[in-house]
>>> print(open('start_0.cif').read())   # mmCIF, C-alpha atoms
data_run
#
loop_
_atom_site.label_atom_id
_atom_site.label_comp_id
_atom_site.auth_asym_id
_atom_site.auth_seq_id
_atom_site.Cartn_x
_atom_site.Cartn_y
_atom_site.Cartn_z
CA MET A 89 -19.86 -7.87 -7.33
CA LYS A 90 -16.27 -8.73 -8.19
CA GLN A 91 -15.18 -12.32 -8.01
CA THR A 92 -12.69 -13.10 -5.26
CA LEU A 93 -9.52 -14.69 -6.60
CA THR A 94 -6.35 -15.87 -4.92
CA ASP A 95 -2.96 -14.68 -6.18
CA ILE A 96 -2.35 -18.19 -7.54
CA GLN A 97 -5.59 -18.03 -9.53
CA LYS A 98 -4.74 -14.53 -10.78
CA TYR A 99 -1.35 -15.70 -12.01
CA GLY A 100 -3.00 -18.61 -13.84
CA ILE A 101 -5.28 -16.12 -15.60
CA ILE A 102 -2.29 -13.97 -16.57
CA ALA A 103 -0.36 -16.98 -17.85
CA ALA A 104 -3.38 -17.99 -19.96
CA LYS A 105 -3.79 -14.39 -21.20
CA ASP A 106 -7.50 -14.74 -20.46
CA LYS A 107 -9.23 -11.54 -21.57
CA ALA A 108 -12.48 -12.59 -19.89
CA TYR A 109 -11.07 -11.22 -16.62
CA ASP A 110 -10.17 -7.76 -17.96
CA GLY A 111 -11.18 -5.16 -15.42
CA LEU A 112 -11.45 -7.62 -12.54
CA PHE A 113 -7.89 -6.92 -11.40
CA PHE A 114 -4.60 -5.44 -12.59
CA VAL A 115 -1.07 -6.79 -12.29
CA GLY A 116 2.01 -4.68 -11.60
CA VAL A 117 5.24 -6.23 -12.89
CA LEU A 118 8.10 -5.39 -10.55
CA SER A 119 10.83 -6.22 -13.07
CA THR A 120 9.53 -3.73 -15.67
CA GLY A 121 7.67 -1.15 -13.58
CA ILE A 122 4.51 -1.40 -15.69
CA PHE A 123 0.99 -2.58 -14.89
CA CYS A 124 -1.26 -4.55 -17.21
CA ARG A 125 -4.64 -6.11 -17.78
CA PRO A 126 -4.87 -9.90 -17.28
CA GLY A 127 -5.09 -10.49 -21.04
CA CYS A 128 -2.01 -8.45 -21.96
CA PRO A 129 -0.20 -9.86 -25.03
CA ALA A 130 3.23 -9.10 -23.52
CA ARG A 131 5.53 -11.86 -22.26
CA VAL A 132 4.21 -13.53 -19.11
CA PRO A 133 6.16 -12.30 -16.05
CA ASN A 134 7.57 -14.58 -13.39
CA PRO A 135 5.14 -15.05 -10.48
CA GLU A 136 7.51 -13.50 -7.95
CA ASN A 137 7.49 -10.28 -10.00
CA CYS A 138 3.69 -9.91 -9.90
CA GLN A 139 1.86 -7.56 -7.59
CA TYR A 140 -1.95 -7.41 -7.82
CA TYR A 141 -4.30 -4.45 -7.56
CA ASP A 142 -8.07 -4.06 -7.54
CA ASN A 143 -7.99 -0.98 -9.74
CA ALA A 144 -5.64 1.06 -11.89
CA ALA A 145 -5.39 3.89 -9.38
CA GLN A 146 -3.79 1.56 -6.83
CA ALA A 147 -1.21 0.43 -9.38
CA LEU A 148 -0.38 4.01 -10.35
CA LYS A 149 0.01 5.10 -6.75
CA ALA A 150 2.39 2.18 -6.20
CA GLY A 151 4.65 3.70 -8.87
CA PHE A 152 3.76 1.54 -11.89
CA ARG A 153 3.14 3.04 -15.33
CA ALA A 154 0.46 1.89 -17.74
CA CYS A 155 1.41 -0.73 -20.33
CA LYS A 156 1.48 0.56 -23.90
CA LYS A 157 0.50 -2.86 -25.29
CA CYS A 158 -2.72 -3.57 -23.39
CA HIS A 159 -3.62 0.03 -22.37
CA PRO A 160 -5.11 -0.88 -19.00
CA ALA A 161 -7.04 2.41 -18.83
CA SER A 162 -9.10 1.77 -21.95
CA PHE A 163 -11.99 -0.67 -22.11
CA ASN A 164 -14.32 1.13 -24.57
CA ALA A 165 -13.23 1.63 -28.16
CA GLN A 166 -15.07 4.96 -28.41
CA ASP A 167 -12.89 6.72 -25.87
CA GLY A 168 -9.81 4.52 -25.85
CA PRO A 169 -7.80 6.65 -28.31
CA LEU A 170 -8.04 9.77 -26.14
CA VAL A 171 -7.00 7.95 -22.99
CA ARG A 172 -4.10 6.31 -24.82
CA ARG A 173 -3.02 9.69 -26.17
CA LEU A 174 -3.07 11.24 -22.71
CA ILE A 175 -1.09 8.33 -21.26
CA THR A 176 1.50 8.69 -24.02
CA MET A 177 1.81 12.41 -23.27
CA VAL A 178 2.64 11.64 -19.65
CA GLU A 179 4.98 8.73 -20.36
CA ASP A 180 6.92 10.68 -22.99
CA ASN A 181 7.45 13.54 -20.49
CA PRO A 182 6.78 12.08 -17.02
CA GLU A 183 8.35 15.00 -15.14
CA THR A 184 6.02 17.56 -16.77
CA LEU A 185 3.29 19.24 -14.72
CA TRP A 186 0.35 19.14 -17.14
CA ARG A 187 -2.08 22.04 -16.79
CA GLU A 188 -5.48 22.56 -18.40
CA ALA A 189 -3.96 25.17 -20.71
CA ASP A 190 -1.54 22.53 -22.03
CA LEU A 191 -4.44 20.21 -22.85
CA VAL A 192 -6.35 22.98 -24.60
CA LYS A 193 -3.23 23.80 -26.62
CA ALA A 194 -3.07 20.14 -27.66
CA GLY A 195 -6.70 20.26 -28.80
CA ILE A 196 -8.04 18.28 -25.82
CA ASP A 197 -11.02 19.32 -23.73
CA PRO A 198 -9.85 19.28 -20.06
CA SER A 199 -13.27 18.26 -18.74
CA THR A 200 -13.36 15.29 -21.12
CA ALA A 201 -9.87 14.22 -20.08
CA ARG A 202 -10.83 14.50 -16.41
CA ARG A 203 -14.08 12.56 -16.87
CA GLN A 204 -12.57 9.71 -18.87
CA PHE A 205 -9.60 9.28 -16.52
CA LYS A 206 -11.92 9.32 -13.53
CA ARG A 207 -14.01 6.58 -15.12
CA ARG A 208 -11.03 4.38 -16.00
CA PHE A 209 -8.61 5.01 -13.15
CA GLY A 210 -10.73 6.41 -10.35
CA MET A 211 -8.50 9.49 -10.53
CA SER A 212 -8.20 12.59 -12.71
CA PHE A 213 -5.64 13.09 -15.47
CA SER A 214 -3.77 15.59 -13.27
CA ALA A 215 -3.67 13.01 -10.44
CA TYR A 216 -2.32 10.44 -12.90
CA GLY A 217 0.49 12.77 -13.92
CA ARG A 218 1.19 13.60 -10.28
CA ALA A 219 1.52 9.88 -9.45
CA ARG A 220 4.04 9.41 -12.27
CA ARG A 221 6.09 12.44 -11.20
CA LEU A 222 6.16 11.22 -7.64
CA ALA A 223 7.40 7.81 -8.80
CA LEU A 224 10.38 9.60 -10.39
CA GLY A 225 11.10 11.31 -7.08
CA LEU A 226 10.97 8.05 -5.16
CA LYS A 227 13.34 6.47 -7.67
CA THR A 228 15.81 9.34 -7.14
CA LEU A 229 15.64 8.89 -3.36
CA ALA A 230 16.06 5.12 -3.65
CA GLU A 231 19.18 5.68 -5.75
CA GLY A 232 20.71 7.83 -3.01
CA GLY A 233 19.65 11.29 -4.19
CA ASP A 234 18.78 13.93 -1.62
CA MET A 235 15.37 15.50 -1.03
CA ILE A 236 16.01 18.47 -3.32
CA GLU A 237 17.12 16.17 -6.17
CA ALA A 238 14.01 14.05 -5.70
CA GLN A 239 11.80 17.13 -5.61
CA LEU A 240 13.29 18.47 -8.84
CA ALA A 241 13.21 15.08 -10.57
CA SER A 242 9.51 14.79 -9.84
CA GLY A 243 8.71 18.28 -11.08
CA TYR A 244 7.59 19.75 -7.75
CA GLU A 245 8.37 23.45 -7.26
CA SER A 246 8.46 23.24 -3.46
CA GLU A 247 9.73 20.73 -0.92
CA SER A 248 6.47 21.05 1.04
CA GLY A 249 4.48 20.09 -2.07
CA PHE A 250 6.70 17.07 -2.64
CA ARG A 251 6.40 16.00 1.00
CA LYS A 252 2.60 16.26 0.89
CA ALA A 253 2.39 14.29 -2.36
CA PHE A 254 4.72 11.64 -0.93
CA GLY A 255 2.48 11.28 2.11
CA ASP A 256 -0.67 11.12 0.01
CA THR A 257 0.82 8.31 -2.08
CA PHE A 258 2.37 6.22 0.70
CA GLY A 259 -0.74 6.27 2.84
CA GLY A 260 -2.58 3.25 4.20
CA GLN A 261 -5.89 2.50 2.48
CA GLY A 262 -8.54 4.32 4.51
CA HIS A 263 -5.85 5.10 7.06
CA SER A 264 -7.70 7.84 8.93
CA PRO A 265 -10.88 9.91 8.62
CA LEU A 266 -8.63 12.89 9.34
CA GLY A 267 -6.85 12.45 5.99
CA ALA A 268 -3.61 14.42 5.79
CA ALA A 269 -4.12 15.52 9.40
CA GLY A 270 -4.15 11.90 10.54
CA PRO A 271 -1.30 9.77 11.93
CA LYS A 272 2.00 9.73 10.06
CA PHE A 273 5.23 7.79 9.93
CA PHE A 274 8.42 9.53 8.84
CA VAL A 275 11.00 8.30 6.35
CA ASP A 276 14.65 9.33 6.14
CA TRP A 277 17.82 7.93 4.61
CA ILE A 278 20.89 6.57 6.42
CA GLU A 279 24.29 6.09 4.79
CA THR A 280 26.15 2.90 5.75
CA PRO A 281 29.35 1.21 4.51
CA PHE A 282 27.13 -1.44 2.87
CA GLY A 283 24.89 1.00 1.02
CA THR A 284 22.17 3.56 1.66
CA MET A 285 19.32 2.43 3.91
CA ILE A 286 15.82 3.80 4.30
CA ALA A 287 14.22 3.98 7.76
CA VAL A 288 10.55 4.55 8.60
CA THR A 289 9.68 5.53 12.17
CA ASP A 290 7.26 7.36 14.39
CA ALA A 291 8.28 9.05 17.63
CA GLN A 292 8.40 5.72 19.49
CA ALA A 293 9.62 2.93 17.22
CA LEU A 294 11.27 1.75 14.00
CA TYR A 295 8.83 0.18 11.52
CA LEU A 296 10.95 -0.33 8.42
CA LEU A 297 14.68 -0.51 7.74
CA GLU A 298 15.79 -1.58 4.27
CA PHE A 299 18.59 -1.08 1.79
CA THR A 300 17.33 1.28 -0.91
CA ASP A 301 18.20 -1.19 -3.68
CA ARG A 302 16.17 -3.96 -2.02
CA THR A 303 13.73 -5.68 -4.36
CA LYS A 304 10.08 -4.68 -3.85
CA LEU A 305 10.94 -1.73 -1.59
CA ASP A 306 7.81 0.18 -2.63
CA ARG A 307 5.70 -2.87 -1.83
CA GLN A 308 7.21 -3.05 1.64
CA MET A 309 6.47 0.63 2.26
CA HIS A 310 2.86 0.24 1.17
CA ARG A 311 2.47 -2.86 3.33
CA VAL A 312 3.75 -1.05 6.42
CA ALA A 313 1.54 1.99 5.69
CA ASN A 314 -1.57 -0.13 5.12
CA TYR A 315 -0.98 -2.37 8.14
CA ASN A 316 -0.62 0.62 10.45
CA ARG A 317 -3.21 2.81 8.63
CA VAL A 318 -0.90 5.79 8.33
CA MET A 319 0.75 8.05 5.80
CA ILE A 320 4.51 7.86 5.27
CA THR A 321 6.06 11.26 4.68
CA PRO A 322 9.67 12.50 4.56
CA GLY A 323 10.91 13.58 7.98
CA ARG A 324 13.19 12.59 10.86
CA THR A 325 12.58 11.58 14.47
CA PRO A 326 14.88 10.71 17.41
CA VAL A 327 14.37 7.06 16.48
CA HIS A 328 16.19 7.74 13.19
CA ASP A 329 19.10 9.16 15.15
CA GLN A 330 19.19 6.13 17.46
CA ILE A 331 19.16 3.51 14.71
CA ALA A 332 21.69 5.51 12.66
CA GLU A 333 24.10 5.54 15.62
CA GLU A 334 23.58 1.83 16.31
CA LEU A 335 24.12 0.96 12.65
CA LYS A 336 27.39 2.94 12.75
CA GLN A 337 28.51 0.85 15.74
CA TYR A 338 27.31 -2.39 14.13
CA PHE A 339 29.26 -1.85 10.92
CA ALA A 340 32.32 -0.89 12.97
CA GLY A 341 32.10 -4.27 14.71
CA GLU A 342 31.27 -2.64 18.05
CA LEU A 343 27.62 -3.70 18.46
CA THR A 344 26.05 -7.15 18.43
CA GLU A 345 22.53 -6.38 19.68
CA PHE A 346 20.23 -3.51 18.69
CA ASN A 347 18.31 -1.57 21.33
CA THR A 348 16.26 0.68 19.04
CA PRO A 349 12.58 -0.04 19.78
CA ILE A 350 10.88 -1.75 16.84
CA ALA A 351 7.30 -2.44 15.77
CA MET A 352 6.52 -5.38 13.49
CA SER A 353 3.89 -5.14 10.75
CA GLY A 354 2.65 -8.62 9.89
CA THR A 355 0.55 -11.66 10.74
CA ASP A 356 0.94 -13.56 14.01
CA PHE A 357 2.97 -16.25 12.22
CA GLN A 358 5.22 -13.68 10.57
CA LYS A 359 5.83 -11.95 13.88
CA ALA A 360 6.64 -15.28 15.53
CA THR A 361 9.15 -15.97 12.75
CA TRP A 362 10.74 -12.53 13.09
CA HIS A 363 11.05 -12.93 16.85
CA ALA A 364 12.74 -16.30 16.24
CA LEU A 365 15.16 -14.58 13.87
CA ARG A 366 16.14 -12.16 16.63
CA ARG A 367 17.05 -15.13 18.82
CA ILE A 368 19.72 -16.33 16.36
CA PRO A 369 22.95 -15.18 18.04
CA HIS A 370 25.26 -12.70 16.38
CA GLY A 371 27.88 -14.66 14.42
CA GLN A 372 25.70 -17.75 13.99
CA THR A 373 23.31 -18.98 11.29
CA GLN A 374 20.20 -21.16 11.09
CA ASN A 375 18.53 -22.93 8.17
CA TYR A 376 14.86 -22.62 7.22
CA ALA A 377 13.96 -26.11 8.44
CA GLY A 378 15.69 -25.49 11.76
CA LEU A 379 13.85 -22.21 12.17
CA ALA A 380 10.54 -23.97 11.46
CA ASN A 381 11.41 -26.54 14.15
CA ASP A 382 12.16 -23.75 16.60
CA LEU A 383 8.67 -22.41 15.94
CA GLY A 384 7.13 -25.83 16.63
CA LYS A 385 6.00 -26.12 13.00
CA PRO A 386 8.55 -28.47 11.35
CA THR A 387 6.66 -28.68 8.04
CA ALA A 388 6.25 -24.91 7.69
CA PHE A 389 9.70 -24.13 6.30
CA ARG A 390 8.21 -22.61 3.13
CA ALA A 391 6.03 -20.31 5.21
CA VAL A 392 9.13 -19.41 7.22
CA ALA A 393 10.97 -18.54 4.01
CA ASN A 394 8.02 -16.38 2.91
CA SER A 395 8.03 -14.59 6.28
CA ASN A 396 11.75 -13.94 5.83
CA ALA A 397 11.05 -12.38 2.45
CA ASN A 398 8.49 -10.03 4.03
CA ASN A 399 10.74 -8.89 6.86
CA ALA A 400 10.82 -5.10 6.71
CA LEU A 401 13.50 -4.63 9.37
CA ALA A 402 16.78 -5.63 7.75
CA ILE A 403 19.76 -6.36 10.05
CA VAL A 404 17.76 -5.52 13.20
CA VAL A 405 15.59 -8.56 12.49
CA PRO A 406 18.49 -10.60 11.05
CA CYS A 407 16.95 -12.59 8.22
CA HIS A 408 20.42 -12.59 6.64
CA ARG A 409 21.39 -15.21 9.25
CA VAL A 410 19.09 -17.81 7.68
CA ILE A 411 20.79 -20.01 5.07
CA ALA A 412 19.85 -23.06 3.02
CA LYS A 413 20.04 -26.54 4.53
CA ASP A 414 23.04 -27.43 2.35
CA GLY A 415 25.00 -24.49 3.75
CA THR A 416 24.62 -22.20 0.74
CA LEU A 417 23.39 -18.67 1.31
CA GLY A 418 19.86 -19.08 -0.06
CA GLY A 419 17.96 -15.92 -0.95
CA TYR A 420 18.19 -12.34 0.29
CA ALA A 421 16.24 -9.33 -0.97
CA GLY A 422 19.27 -7.11 -0.39
CA GLY A 423 21.43 -9.27 -2.65
CA LEU A 424 23.52 -12.37 -1.96
CA GLU A 425 26.82 -10.46 -2.10
CA ARG A 426 25.61 -8.17 0.66
CA LYS A 427 24.30 -11.15 2.67
CA ALA A 428 27.70 -12.82 2.52
CA ALA A 429 29.38 -9.58 3.57
CA LEU A 430 27.04 -9.17 6.54
CA LEU A 431 27.73 -12.71 7.71
CA ASP A 432 31.47 -12.17 7.31
CA LEU A 433 31.19 -8.93 9.29
CA GLU A 434 29.52 -10.84 12.10
CA GLY A 435 32.19 -13.56 11.99
CA ARG A 436 29.78 -16.41 11.30
CA ASP A 437 30.68 -19.89 12.56
#
>>> encode(input="start_0.cif", output="structure tokens")
Amino acid sequence: MKQTLTDIQKYGIIAAKDKAYDGLFFVGVLSTGIFCRPGCPARVPNPENCQYYDNAAQALKAGFRACKKCHPASFNAQDGPLVRRLITMVEDNPETLWREADLVKAGIDPSTARRQFKRRFGMSFSAYGRARRLALGLKTLAEGGDMIEAQLASGYESESGFRKAFGDTFGGQGHSPLGAAGPKFFVDWIETPFGTMIAVTDAQALYLLEFTDRTKLDRQMHRVANYNRVMITPGRTPVHDQIAEELKQYFAGELTEFNTPIAMSGTDFQKATWHALRRIPHGQTQNYAGLANDLGKPTAFRAVANSNANNALAIVVPCHRVIAKDGTLGGYAGGLERKAALLDLEGRD
């Protein structure tokens, strides 16, 4: 049975480079896009850049690539070289669709590759390559590329294949016994004067609205998918049209309150914080301590700040209206320059 560790304990293990915990968990480093074993010899990442996974397959599906220093797939010396070689093949050509014939041509037995990857990652070599290709497609979309560009960047020959792979990757853990036939949310992109935004909806409500260059965007998408036990797949609903029109009015200075129905994905405390954010009037700001007081928890300002950081509904749930006690802007996942511009747009007091 695996030992249960808190994120704080896991970071302490990473900082100590303690190899005794190899295999117990993996860490994805947001600033580099790689995932590692706890005892990796690479430079210790900052704690805010660490995202933890129970197994390598989870890290791969979140878009991370395997570290070439600690080789998180390999724990046994006897088969480590083959796994490392296969990983290198994918990382050197991540857009390539690797077929069994390609492995045979390289002198590798496909059944051996499949077996060893299944043992290390909980997924086959072909699934590993598919996860890496899909990560390229997501990166293209996040940078403002269209669906066809993303499809081509990820090596998929058809849009339907790309959409299915996207849904399989951004699916809640154990989301539905119906698998791909189960419930889905739909993601589409909205252009605004302040940058491209990504919106996730179903037919009734908006679940996620973020700028595509927001830090930890993939983490937010996984959190929303897991919380609601759904797949997220490319597509558009009337809710996308409604929020797109309201955003157009907002950025034109013609709208001060959003009417698009929303659904929050978080703990009771997080939801209480987000509701409190919505009560901050357009054109006004509040500090973290003041927000904690409004919630009746005056000492919980750090928890309030953490809830702000996990808000998945930018602008609609206006976390940009929360500033530091000394009047400075504080933090903002969408960037401080954009936060200042949003506040200026709203004509803050």
>>> resolve_selection(input="start_0.cif", expression="the PyMOL selection byres ((chain A and resi 325) around 10)", output="PyMOL selection string")
chain A and resi 273-276+288-294+323-324+326-330
>>> write_last_selection(input="start_0.cif", atoms="C-alpha atoms", output="PDB file, keeping the file's coordinate frame")
ATOM      1  CA  PHE A 273       5.230   7.790   9.930  1.00  0.00           C
ATOM      2  CA  PHE A 274       8.420   9.530   8.840  1.00  0.00           C
ATOM      3  CA  VAL A 275      11.000   8.300   6.350  1.00  0.00           C
ATOM      4  CA  ASP A 276      14.650   9.330   6.140  1.00  0.00           C
ATOM      5  CA  VAL A 288      10.550   4.550   8.600  1.00  0.00           C
ATOM      6  CA  THR A 289       9.680   5.530  12.170  1.00  0.00           C
ATOM      7  CA  ASP A 290       7.260   7.360  14.390  1.00  0.00           C
ATOM      8  CA  ALA A 291       8.280   9.050  17.630  1.00  0.00           C
ATOM      9  CA  GLN A 292       8.400   5.720  19.490  1.00  0.00           C
ATOM     10  CA  ALA A 293       9.620   2.930  17.220  1.00  0.00           C
ATOM     11  CA  LEU A 294      11.270   1.750  14.000  1.00  0.00           C
ATOM     12  CA  GLY A 323      10.910  13.580   7.980  1.00  0.00           C
ATOM     13  CA  ARG A 324      13.190  12.590  10.860  1.00  0.00           C
ATOM     14  CA  PRO A 326      14.880  10.710  17.410  1.00  0.00           C
ATOM     15  CA  VAL A 327      14.370   7.060  16.480  1.00  0.00           C
ATOM     16  CA  HIS A 328      16.190   7.740  13.190  1.00  0.00           C
ATOM     17  CA  ASP A 329      19.100   9.160  15.150  1.00  0.00           C
ATOM     18  CA  GLN A 330      19.190   6.130  17.460  1.00  0.00           C
TER      19      GLN A 330
END
>>> resolve_selection(input="start_0.cif", expression="the PyMOL selection byres ((chain A and resi 299) around 8)", output="PDB file with C-alpha atoms, in the coordinates of the input")
ATOM      1  CA  GLY A 283      24.890   1.000   1.020  1.00  0.00           C
ATOM      2  CA  THR A 284      22.170   3.560   1.660  1.00  0.00           C
ATOM      3  CA  MET A 285      19.320   2.430   3.910  1.00  0.00           C
ATOM      4  CA  ILE A 286      15.820   3.800   4.300  1.00  0.00           C
ATOM      5  CA  LEU A 297      14.680  -0.510   7.740  1.00  0.00           C
ATOM      6  CA  GLU A 298      15.790  -1.580   4.270  1.00  0.00           C
ATOM      7  CA  THR A 300      17.330   1.280  -0.910  1.00  0.00           C
ATOM      8  CA  ASP A 301      18.200  -1.190  -3.680  1.00  0.00           C
ATOM      9  CA  ARG A 302      16.170  -3.960  -2.020  1.00  0.00           C
ATOM     10  CA  ALA A 402      16.780  -5.630   7.750  1.00  0.00           C
ATOM     11  CA  GLY A 422      19.270  -7.110  -0.390  1.00  0.00           C
TER      12      GLY A 422
END
>>> closest_residue(input="start_0.cif", among="A:Phe357, A:Trp277, A:Tyr216, A:Trp186", to="Ala147 in chain A", atoms="only C-alpha atoms")
A:Tyr216
>>> closest_residue(input="start_0.cif", among="A:Phe213, A:Phe123, A:Phe282, A:Tyr376", to="Cys158 in chain A", atoms="all atoms listed in the file")
A:Phe123
>>> closest_residue(input="start_0.cif", among="A:Ala380, A:Val171, A:Leu343, A:Ala400", to="Ala313 in chain A", atoms="all atoms listed in the file")
A:Ala400
>>> resolve_selection(input="start_0.cif", expression="the PyMOL selection byres ((chain A and resi 430) around 10)", output="PyMOL selection string")
chain A and resi 282+339+371+403+406+408-409+424-429+431-436
>>> closest_residue(input="start_0.cif", among="A:Pro135, A:Pro271, A:Gly100, A:Gly423", to="Val318 in chain A", atoms="only C-alpha atoms")
A:Pro271
